[in-house]
$ cat run-v1.cif   # mmCIF, C-alpha atoms
data_run
loop_
_atom_site.label_atom_id
_atom_site.label_comp_id
_atom_site.auth_asym_id
_atom_site.auth_seq_id
_atom_site.Cartn_x
_atom_site.Cartn_y
_atom_site.Cartn_z
CA MET A 1 7.34 -142.27 12.26
CA ASN A 2 9.47 -144.92 13.98
CA ILE A 3 10.54 -148.11 12.20
CA VAL A 4 12.32 -151.20 13.55
CA ILE A 5 14.11 -153.54 11.14
CA ILE A 6 15.40 -156.96 12.26
CA GLY A 7 17.62 -159.08 10.02
CA HIS A 8 21.00 -160.81 10.05
CA THR A 9 21.86 -159.38 6.61
CA TYR A 10 22.85 -156.06 8.15
CA ILE A 11 25.73 -157.47 10.15
CA SER A 12 27.68 -156.69 6.96
CA PRO A 13 28.33 -152.92 6.80
CA ILE A 14 28.04 -152.80 3.01
CA ASN A 15 24.41 -153.97 3.31
CA ARG A 16 23.41 -151.15 5.67
CA LYS A 17 23.63 -148.38 3.13
CA LYS A 18 20.07 -148.99 1.91
CA TRP A 19 18.75 -147.81 5.26
CA VAL A 20 21.07 -144.81 5.35
CA VAL A 21 19.84 -143.75 1.92
CA LEU A 22 16.22 -144.27 2.99
CA ALA A 23 16.76 -142.22 6.16
CA GLN A 24 18.32 -139.44 4.08
CA LEU A 25 15.44 -139.46 1.61
CA TYR A 26 12.78 -139.44 4.35
CA PRO A 27 14.13 -137.51 7.37
CA ALA A 28 10.79 -137.73 9.21
CA LEU A 29 11.52 -141.43 9.78
CA ASN A 30 13.47 -142.79 12.75
CA ILE A 31 14.89 -146.20 11.83
CA THR A 32 16.44 -148.77 14.19
CA ILE A 33 18.15 -151.75 12.53
CA ILE A 34 18.83 -154.80 14.75
CA PHE A 35 21.08 -157.73 13.81
CA PRO A 36 23.14 -160.46 15.55
CA SER A 37 26.64 -159.60 16.73
CA THR A 38 28.09 -162.63 14.89
CA TRP A 39 26.99 -164.69 11.89
CA PRO A 40 28.86 -167.64 10.31
CA THR A 41 28.56 -168.17 6.53
CA THR A 42 30.10 -170.43 3.89
CA LEU A 43 32.69 -167.83 2.90
CA PHE A 44 33.24 -165.74 6.04
CA ASN A 45 32.48 -165.59 9.75
CA HIS A 46 30.98 -162.12 10.11
CA VAL A 47 31.48 -160.12 13.29
CA ALA A 48 29.42 -156.97 13.68
CA GLU A 49 31.18 -153.63 13.52
CA ILE A 50 29.40 -150.44 14.48
CA SER A 51 31.17 -147.31 13.25
CA ASP A 52 30.32 -143.71 12.47
CA GLU A 53 30.62 -144.37 8.74
CA TYR A 54 26.87 -144.56 8.28
CA TYR A 55 25.83 -142.42 11.23
CA LEU A 56 22.66 -140.36 10.90
CA PRO A 57 20.55 -138.94 13.74
CA ASN A 58 17.49 -140.81 12.44
CA CYS A 59 19.16 -144.13 11.60
CA ARG A 60 20.89 -146.34 14.17
CA PHE A 61 22.35 -149.85 13.96
CA VAL A 62 22.23 -152.18 16.97
CA ALA A 63 24.13 -155.48 17.29
CA LEU A 64 22.70 -157.91 19.86
CA ASN A 65 23.91 -161.28 21.11
CA ALA A 66 21.92 -164.14 19.62
CA ARG A 67 21.54 -167.92 19.89
CA LYS A 68 21.85 -170.42 17.02
CA THR A 69 23.40 -167.86 14.66
CA GLY A 70 23.89 -169.14 11.13
CA ASN A 71 20.35 -170.55 11.05
CA GLU A 72 17.92 -167.98 9.68
CA LEU A 73 14.86 -169.76 11.06
CA LEU A 74 16.03 -170.83 14.51
CA TYR A 75 18.27 -167.99 15.65
CA SER A 76 16.85 -165.74 18.36
CA TYR A 77 17.85 -162.80 20.55
CA LYS A 78 17.87 -162.54 24.31
CA THR A 79 14.24 -161.64 24.85
CA TYR A 80 14.72 -158.85 27.37
CA GLN A 81 17.41 -157.14 25.28
CA LEU A 82 15.18 -157.20 22.21
CA TYR A 83 12.17 -156.10 24.26
CA LYS A 84 14.12 -153.15 25.65
CA ILE A 85 15.29 -151.95 22.23
CA ILE A 86 11.80 -152.23 20.70
CA ARG A 87 10.17 -150.54 23.69
CA GLU A 88 12.61 -147.62 23.47
CA ALA A 89 12.12 -147.30 19.70
CA LYS A 90 8.31 -147.08 19.99
CA PRO A 91 7.82 -148.35 16.45
CA THR A 92 4.83 -147.79 14.23
CA LEU A 93 6.06 -150.65 12.05
CA ILE A 94 8.36 -153.65 12.61
CA GLN A 95 9.88 -155.44 9.62
CA VAL A 96 11.66 -158.76 10.20
CA GLU A 97 13.68 -160.09 7.27
CA GLN A 98 14.03 -163.78 8.16
CA GLY A 99 10.95 -165.40 6.60
CA CYS A 100 7.54 -166.28 7.94
CA SER A 101 8.75 -169.26 10.04
CA ALA A 102 11.54 -167.44 11.84
CA MET A 103 11.90 -167.56 15.61
CA SER A 104 13.14 -163.95 15.60
CA TYR A 105 9.93 -162.83 13.88
CA ALA A 106 7.88 -164.68 16.50
CA GLN A 107 9.87 -162.86 19.18
CA ALA A 108 9.06 -159.50 17.59
CA ASN A 109 5.36 -160.35 17.29
CA ILE A 110 5.13 -161.49 20.91
CA ILE A 111 6.95 -158.35 22.10
CA SER A 112 4.56 -156.20 20.06
CA LYS A 113 1.63 -157.81 21.86
CA MET A 114 3.35 -157.37 25.23
CA LEU A 115 3.78 -153.66 24.54
CA ASN A 116 0.07 -153.44 23.76
CA ARG A 117 0.64 -150.90 21.01
CA LYS A 118 -0.83 -150.83 17.52
CA ILE A 119 2.34 -151.93 15.76
CA THR A 120 2.17 -152.92 12.09
CA SER A 121 3.93 -156.25 11.53
CA LEU A 122 5.71 -157.06 8.27
CA PHE A 123 8.09 -159.81 7.17
CA PHE A 124 10.43 -160.40 4.23
CA THR A 125 11.09 -163.78 2.63
CA TRP A 126 13.21 -165.13 -0.23
CA VAL A 127 11.98 -168.75 -0.05
CA ASN A 128 10.96 -169.72 -3.59
CA TRP A 129 10.73 -173.52 -3.46
CA GLU A 130 8.37 -175.95 -1.76
CA GLN A 131 10.21 -176.98 1.38
CA HIS A 132 10.14 -180.56 2.68
CA GLU A 133 8.77 -180.39 6.20
CA SER A 134 10.62 -182.61 8.63
CA PHE A 135 9.07 -183.83 11.85
CA LYS A 136 10.96 -181.06 13.71
CA HIS A 137 9.53 -178.46 11.34
CA LYS A 138 5.99 -179.70 11.83
CA LEU A 139 6.41 -179.91 15.58
CA LEU A 140 8.25 -176.65 16.21
CA LEU A 141 8.23 -174.34 13.20
CA ARG A 142 4.67 -174.88 11.93
CA PRO A 143 3.09 -173.30 15.08
CA ILE A 144 5.61 -170.44 14.84
CA GLU A 145 4.74 -169.93 11.18
CA GLN A 146 1.03 -169.90 11.95
CA LEU A 147 1.58 -167.30 14.69
CA ASN A 148 3.68 -165.15 12.37
CA LEU A 149 1.30 -165.33 9.41
CA ALA A 150 -1.63 -164.47 11.65
CA SER A 151 0.27 -161.52 13.16
CA ALA A 152 1.58 -160.13 9.86
CA HIS A 153 -0.24 -157.30 8.13
CA ALA A 154 1.70 -157.71 4.86
CA ALA A 155 4.78 -159.33 3.34
CA ILE A 156 7.65 -158.31 1.09
CA VAL A 157 9.07 -161.06 -1.11
CA GLY A 158 12.40 -160.97 -2.90
CA ASN A 159 11.12 -162.89 -5.93
CA HIS A 160 7.88 -163.79 -7.68
CA ASP A 161 7.79 -167.47 -6.70
CA ALA A 162 8.03 -166.60 -3.00
CA GLY A 163 4.80 -164.63 -3.36
CA ASN A 164 3.08 -167.59 -5.00
CA ILE A 165 4.16 -169.88 -2.16
CA LEU A 166 2.76 -167.49 0.44
CA GLN A 167 -0.57 -167.47 -1.38
CA LYS A 168 -0.58 -171.28 -1.30
CA LYS A 169 -0.21 -170.96 2.47
CA LYS A 170 -3.49 -168.99 2.42
CA PHE A 171 -1.71 -165.73 3.20
CA LEU A 172 -4.22 -163.30 1.70
CA LYS A 173 -2.75 -160.04 2.95
CA PRO A 174 -0.83 -157.61 0.68
CA ILE A 175 2.37 -158.98 -0.89
CA TYR A 176 5.01 -156.70 -2.45
CA VAL A 177 7.88 -157.86 -4.69
CA ILE A 178 10.99 -155.86 -3.74
CA PRO A 179 14.59 -157.13 -3.56
CA GLN A 180 16.06 -157.12 -0.08
CA LEU A 181 19.16 -155.28 -1.26
CA GLY A 182 19.96 -152.99 -4.12
CA VAL A 183 23.39 -152.27 -5.48
CA ASP A 184 25.74 -149.57 -4.24
CA THR A 185 26.39 -147.59 -7.42
CA ASP A 186 29.17 -145.66 -5.67
CA ILE A 187 31.14 -148.93 -5.49
CA PHE A 188 29.73 -150.96 -8.37
CA LYS A 189 30.27 -148.76 -11.38
CA PRO A 190 32.15 -149.01 -14.69
CA ASP A 191 35.91 -148.72 -14.53
CA PRO A 192 36.85 -145.48 -16.32
CA GLN A 193 39.94 -147.20 -17.72
CA PRO A 194 39.11 -149.13 -20.92
CA ARG A 195 39.67 -152.88 -20.85
CA SER A 196 42.70 -154.14 -22.74
CA GLY A 197 44.49 -157.42 -23.26
CA ARG A 198 42.78 -160.80 -23.07
CA LYS A 199 39.02 -161.00 -22.69
CA ARG A 200 37.34 -162.71 -19.76
CA ILE A 201 34.20 -164.66 -18.99
CA GLY A 202 33.57 -164.79 -15.25
CA PHE A 203 31.59 -166.56 -12.54
CA ILE A 204 31.40 -165.26 -8.95
CA GLY A 205 29.68 -167.22 -6.19
CA ARG A 206 29.61 -170.38 -4.11
CA PHE A 207 31.27 -173.47 -5.57
CA THR A 208 28.34 -175.86 -5.21
CA PRO A 209 26.80 -178.13 -7.87
CA GLU A 210 23.56 -176.17 -8.24
CA LYS A 211 25.50 -173.03 -9.15
CA GLY A 212 26.27 -174.70 -12.50
CA MET A 213 30.00 -173.98 -12.82
CA LEU A 214 30.62 -177.28 -14.65
CA THR A 215 27.99 -176.34 -17.22
CA LEU A 216 29.87 -173.09 -17.84
CA LEU A 217 33.21 -174.93 -18.03
CA GLU A 218 31.81 -177.43 -20.54
CA ALA A 219 30.42 -174.67 -22.75
CA PHE A 220 33.71 -172.75 -22.67
CA ALA A 221 35.71 -175.90 -23.44
CA ASP A 222 33.84 -176.25 -26.74
CA LEU A 223 34.49 -172.60 -27.61
CA ALA A 224 38.04 -172.10 -26.38
CA HIS A 225 39.70 -173.30 -29.58
CA PHE A 226 37.73 -170.81 -31.71
CA PHE A 227 38.23 -167.84 -29.36
CA ALA A 228 41.91 -167.96 -28.47
CA ASP A 229 41.93 -164.50 -26.86
CA TRP A 230 39.28 -165.37 -24.22
CA ASP A 231 39.82 -166.81 -20.72
CA LEU A 232 37.46 -168.15 -18.03
CA VAL A 233 37.61 -167.08 -14.38
CA PHE A 234 35.85 -168.60 -11.36
CA VAL A 235 35.78 -166.55 -8.14
CA GLY A 236 34.67 -168.18 -4.88
CA LYS A 237 35.04 -171.32 -2.83
CA GLY A 238 32.97 -174.25 -1.69
CA SER A 239 32.48 -178.02 -1.73
CA HIS A 240 32.66 -178.28 -5.53
CA LYS A 241 36.11 -176.72 -5.91
CA ASP A 242 37.86 -180.08 -6.38
CA ALA A 243 35.39 -181.11 -9.10
CA LEU A 244 35.96 -177.77 -10.82
CA GLU A 245 39.75 -178.18 -10.71
CA GLN A 246 39.45 -181.71 -12.11
CA GLY A 247 37.17 -180.45 -14.88
CA ILE A 248 39.70 -177.80 -15.88
CA ILE A 249 42.42 -180.47 -16.09
CA HIS A 250 40.13 -182.84 -17.99
CA HIS A 251 39.42 -180.21 -20.65
CA ASN A 252 43.11 -179.20 -20.76
CA LEU A 253 42.17 -175.61 -19.90
CA HIS A 254 44.63 -174.99 -17.06
CA GLU A 255 46.22 -172.12 -19.04
CA ARG A 256 42.84 -170.60 -19.97
CA SER A 257 40.72 -171.17 -16.84
CA PHE A 258 41.54 -169.77 -13.41
CA ILE A 259 40.18 -170.08 -9.88
CA ILE A 260 40.40 -167.04 -7.59
CA ASP A 261 39.67 -167.09 -3.86
CA PRO A 262 36.74 -164.94 -2.67
CA VAL A 263 37.39 -161.36 -1.62
CA PRO A 264 35.46 -159.03 0.71
CA HIS A 265 32.31 -157.66 -0.90
CA GLU A 266 33.80 -154.19 -1.22
CA GLN A 267 36.46 -155.61 -3.58
CA VAL A 268 34.10 -157.58 -5.84
CA ALA A 269 33.56 -154.61 -8.16
CA GLY A 270 37.21 -154.70 -9.17
CA LEU A 271 36.91 -158.34 -10.17
CA ILE A 272 33.71 -157.73 -12.14
CA ASN A 273 35.35 -154.86 -13.99
CA SER A 274 38.10 -157.25 -15.12
CA MET A 275 35.45 -159.28 -16.98
CA ASP A 276 33.73 -158.82 -20.33
CA ILE A 277 30.87 -161.23 -19.65
CA LEU A 278 29.50 -162.45 -16.31
CA VAL A 279 27.59 -165.75 -16.27
CA LEU A 280 25.24 -167.12 -13.60
CA PRO A 281 24.51 -170.72 -14.72
CA SER A 282 22.48 -171.92 -11.70
CA TYR A 283 19.93 -174.71 -11.91
CA ASP A 284 16.90 -175.64 -9.80
CA THR A 285 16.96 -178.54 -7.34
CA PRO A 286 14.15 -180.03 -5.22
CA CYS A 287 15.36 -178.06 -2.20
CA TRP A 288 16.86 -174.87 -3.70
CA ARG A 289 16.25 -172.30 -6.42
CA GLU A 290 18.18 -169.13 -7.22
CA GLN A 291 16.38 -166.56 -5.10
CA PHE A 292 17.59 -163.48 -6.94
CA GLY A 293 21.14 -163.53 -8.28
CA HIS A 294 22.53 -160.34 -6.77
CA ILE A 295 25.78 -160.67 -8.68
CA ILE A 296 23.78 -160.00 -11.86
CA ILE A 297 22.77 -156.48 -10.85
CA GLU A 298 26.29 -155.79 -9.57
CA ALA A 299 27.67 -156.78 -12.97
CA MET A 300 25.06 -154.63 -14.72
CA ALA A 301 25.98 -151.68 -12.51
CA CYS A 302 29.62 -152.15 -13.60
CA GLY A 303 28.61 -152.07 -17.26
CA VAL A 304 29.40 -155.76 -17.85
CA ALA A 305 27.21 -157.91 -20.11
CA VAL A 306 25.37 -160.74 -18.35
CA ILE A 307 24.14 -164.22 -19.24
CA GLY A 308 21.97 -166.27 -16.91
CA SER A 309 20.05 -169.52 -16.87
CA ASN A 310 16.27 -169.69 -16.68
CA ALA A 311 16.46 -170.95 -13.08
CA GLY A 312 14.60 -169.30 -10.21
CA GLU A 313 14.41 -165.52 -10.33
CA ILE A 314 17.28 -165.04 -12.78
CA PRO A 315 15.12 -164.35 -15.89
CA HIS A 316 13.13 -161.70 -14.01
CA VAL A 317 16.31 -159.98 -12.87
CA ILE A 318 17.97 -159.98 -16.29
CA ASP A 319 14.72 -159.19 -18.10
CA ILE A 320 15.64 -157.96 -21.61
CA PHE A 321 19.03 -156.60 -20.54
CA GLY A 322 21.07 -159.76 -21.05
CA LEU A 323 20.81 -163.26 -22.49
CA ILE A 324 19.02 -166.31 -21.02
CA PHE A 325 19.69 -170.01 -21.64
CA GLU A 326 18.01 -173.24 -20.57
CA GLN A 327 19.43 -174.37 -17.24
CA LYS A 328 21.86 -177.35 -17.19
CA ASN A 329 22.10 -177.12 -21.02
CA ALA A 330 25.76 -176.54 -21.93
CA GLN A 331 24.99 -176.26 -25.64
CA ALA A 332 22.37 -173.59 -25.01
CA LEU A 333 24.86 -171.66 -22.90
CA LEU A 334 27.51 -172.14 -25.59
CA ALA A 335 25.21 -170.51 -28.15
CA GLN A 336 24.62 -167.45 -25.96
CA LEU A 337 28.30 -167.13 -25.10
CA LYS A 338 29.25 -167.38 -28.76
CA THR A 339 26.73 -164.65 -29.62
CA LEU A 340 28.37 -162.17 -27.24
CA MET A 341 31.96 -163.29 -27.78
CA GLN A 342 31.83 -162.74 -31.53
CA ASP A 343 29.67 -159.59 -31.53
CA ASP A 344 31.42 -156.74 -29.72
CA GLY A 345 28.65 -154.30 -30.66
CA LEU A 346 25.87 -156.40 -29.14
CA ARG A 347 27.95 -157.13 -26.04
CA HIS A 348 28.61 -153.43 -25.44
CA ALA A 349 24.98 -152.48 -26.19
CA LEU A 350 23.62 -154.98 -23.65
CA ALA A 351 26.20 -153.82 -21.12
CA GLN A 352 25.07 -150.20 -21.47
CA GLN A 353 21.39 -151.12 -21.32
CA GLY A 354 22.02 -153.21 -18.21
CA LEU A 355 23.93 -150.34 -16.62
CA LYS A 356 20.96 -147.97 -17.01
CA HIS A 357 18.57 -150.66 -15.79
CA ALA A 358 20.62 -151.29 -12.63
CA GLN A 359 20.87 -147.57 -11.89
CA THR A 360 17.14 -146.90 -12.27
CA LYS A 361 15.63 -150.08 -10.75
CA TYR A 362 18.21 -151.60 -8.41
CA SER A 363 20.22 -148.74 -6.90
CA HIS A 364 19.96 -148.21 -3.14
CA GLN A 365 17.83 -145.13 -3.82
CA ALA A 366 15.45 -147.08 -6.06
CA ILE A 367 15.03 -149.87 -3.48
CA ALA A 368 14.61 -147.31 -0.69
CA GLU A 369 11.86 -145.52 -2.62
CA GLN A 370 10.06 -148.81 -3.33
CA THR A 371 10.32 -149.82 0.34
CA TYR A 372 8.97 -146.50 1.60
CA ALA A 373 6.06 -146.61 -0.88
CA CYS A 374 5.30 -150.14 0.34
CA TRP A 375 5.22 -149.00 3.98
CA MET A 376 2.93 -146.09 3.21
CA ASP A 377 0.58 -148.37 1.30
CA ILE A 378 0.45 -150.92 4.11
CA LEU A 379 -0.25 -148.27 6.74
CA LYS A 380 -2.91 -146.69 4.56
CA HIS A 381 -4.50 -150.08 3.96
CA ARG A 382 -4.45 -150.92 7.65
CA LYS A 383 -5.93 -147.56 8.63
CA ALA A 384 -8.76 -148.05 6.10
CA THR A 385 -9.60 -151.42 7.62
#
$ encode --input "run-v1.cif" --output "C-alpha cells"
Amino acid sequence: MNIVIIGHTYISPINRKKWVVLAQLYPALNITIIFPSTWPTTLFNHVAEISDEYYLPNCRFVALNARKTGNELLYSYKTYQLYKIIREAKPTLIQVEQGCSAMSYAQANIISKMLNRKITSLFFTWVNWEQHESFKHKLLLRPIEQLNLASAHAAIVGNHDAGNILQKKKFLKPIYVIPQLGVDTDIFKPDPQPRSGRKRIGFIGRFTPEKGMLTLLEAFADLAHFFADWDLVFVGKGSHKDALEQGIIHHNLHERSFIIDPVPHEQVAGLINSMDILVLPSYDTPCWREQFGHIIIEAMACGVAVIGSNAGEIPHVIDIFGLIFEQKNAQALLAQLKTLMQDDGLRHALAQQGLKHAQTKYSHQAIAEQTYACWMDILKHRKAT
C-alpha cells in the first residue's frame, strides 16, 4: 500500500523518525513524505536536509520549493511538482498535516481528483480554540475549508478539543486522537549518571506571555528562601525575555534563576536531564491554547518529574503521572512545587511512572502503531461504505 504524507513538520530531521519506525514495522507500506525546503520559525530558520541517515527502501523524504512558508494555512507547493510526486507515488491514502483550512491540503485534494483515482483523503489538525474569522479568512479560507472537509474521509486530531471543534463544524466523519509526534526514546532517556549538586526546576519553550514563565518565577520567588539548594532555569527565547529578566531582578533571584539560549532539538535531552522538575505553566488566551505540550513527554522519557497547568491539552498529556495546578495561579503552582521539592520519594516515584508512560504511549513505535491502526480502520470503513 502506498501512502503520501504532506507536512512542514518533517523539514526537521528529528521529526522524521516516526515514519522510519512505521516503515520498519510495516514493510508492505511505501511511504512518501513531502515538506517545504525551507521553513522560518520563532527560534530557527529551518532548511531541509536530505541524508541517508533515515534511508529505507519503502520510506522516502522529498523537499519541495513552496510559497508563503512560515504560514501553515497559506503556504503551497508548485502545483506541477506536487502533482508529479503524487502521481508517481500512486497513493492509496494521502495525509496532510496542516489543518482543514490549509491551501496545501486543497492542493492535494484537487490533485487527487485530477488523477481520477480512489484516493483516501485524511488531514491532521492541532487547532483547539475557536478562531476569530477575519474578512480574509471568510473570503479565501472558508471556501478552501469547505472543499477540504467535503473531500476528507477522516481526521486525526492532536488533542481532544480539536475534535470537538471539528464536530461543531459539522464534520461527522471518523475522528482519531493521536499526537502528531511521539518522543525519540533513543535520545530522550534518563542520564545513567546520578544527579548531584544543586537541584533544578526548569522551563523550556518560547518566551511569550501565555507560556506562563512569570507565574513560575513568582511561585519560585516565594519558595526560594525555604529551599536554598534549588535553582530555576529558563531555556528559550522570545518577546517576553526582557520581562523575564526584569522579574528575576525584581525578586532578587539573579544568583538563583538563569536564562539559557535555545539549543537544537537533539541537545534538549541533555538540558532536561540537568533538571529535577520540569514545569509547563501555560495559560489559555482567546486566540491560543496549549495544543499538546511536547516537552512534557520528553521530560517524562528522561525520567524527570513534571508539573503542568490545567490549560489546553496539558492535563490529558500528564494524566496521573505528574501534578496539575490551576493556570495563572502562582499560589497553586507554589503548592505543587513545594510538594515535589520537599518529598524526594514522591518526586522520584512520579518520575519513574512518567518514564514508563512515555515509553508505552508516546514512543515513536507507539505513535506509529496508533497511526497504522487508524489508517486500517479508515480504509475498512470506507470500503464498507
$ closest_residue --input "run-v1.cif" --among "A:Cys302, A:Ile297, A:Ala366, A:Ile85" --to "Gly270 (chain A)" --atoms "only C-alpha atoms"
A:Cys302
$ closest_residue --input "run-v1.cif" --among "A:Gln95, A:Ser274, A:Ser76, A:Ile314" --to "Pro190 (chain A)" --atoms "all atoms listed in the file"
A:Ser274
$ closest_atom_pairs --input "run-v1.cif" --of "region 16-130 of chain A" --to "region 166-169 of chain A" --cutoff "12 Å" --atoms "only C-alpha atoms" --output "Markdown table"
| residue | atom | partner | partner_atom | distance |
| --- | --- | --- | --- | --- |
| A:Gly99 | CA | A:Leu166 | CA | 10.5 |
| A:Cys100 | CA | A:Leu166 | CA | 9.0 |
| A:Ser101 | CA | A:Leu166 | CA | 11.5 |
| A:Phe123 | CA | A:Leu166 | CA | 11.5 |
| A:Phe124 | CA | A:Leu166 | CA | 11.1 |
| A:Thr125 | CA | A:Leu166 | CA | 9.4 |
| A:Trp126 | CA | A:Leu166 | CA | 10.7 |
| A:Val127 | CA | A:Leu166 | CA | 9.3 |
| A:Asn128 | CA | A:Leu166 | CA | 9.4 |
| A:Trp129 | CA | A:Leu166 | CA | 10.7 |
| A:Glu130 | CA | A:Lys168 | CA | 10.1 |
$ residues_near_point --input "run-v1.cif" --point "(9.2, -143.9, 11.7)" --cutoff "8 Å" --atoms "only C-alpha atoms" --output "PyMOL selection string"
chain A and resi 1-3+28-31+91-93
$ resolve_selection --input "run-v1.cif" --expression "the PyMOL selection byres ((chain A and resi 313) around 10)" --output "list in words"
Asn128, Gly158, Asn159, His160, Asp161, Ala162, Arg289, Glu290, Gln291, Phe292, Gly293, Ser309, Asn310, Ala311, Gly312, Ile314, Pro315, His316, Val317 and Ile318 of chain A
$ closest_residue --input "run-v1.cif" --among "A:Gln107, A:Ala102, A:Lys241, A:Ile272" --to "Leu141 (chain A)" --atoms "only C-alpha atoms"
A:Ala102
$ closest_residue --input "run-v1.cif" --among "A:Asp344, A:Asp319, A:Gln331, A:Ser104" --to "Lys199 (chain A)" --atoms "all atoms listed in the file"
A:Asp344
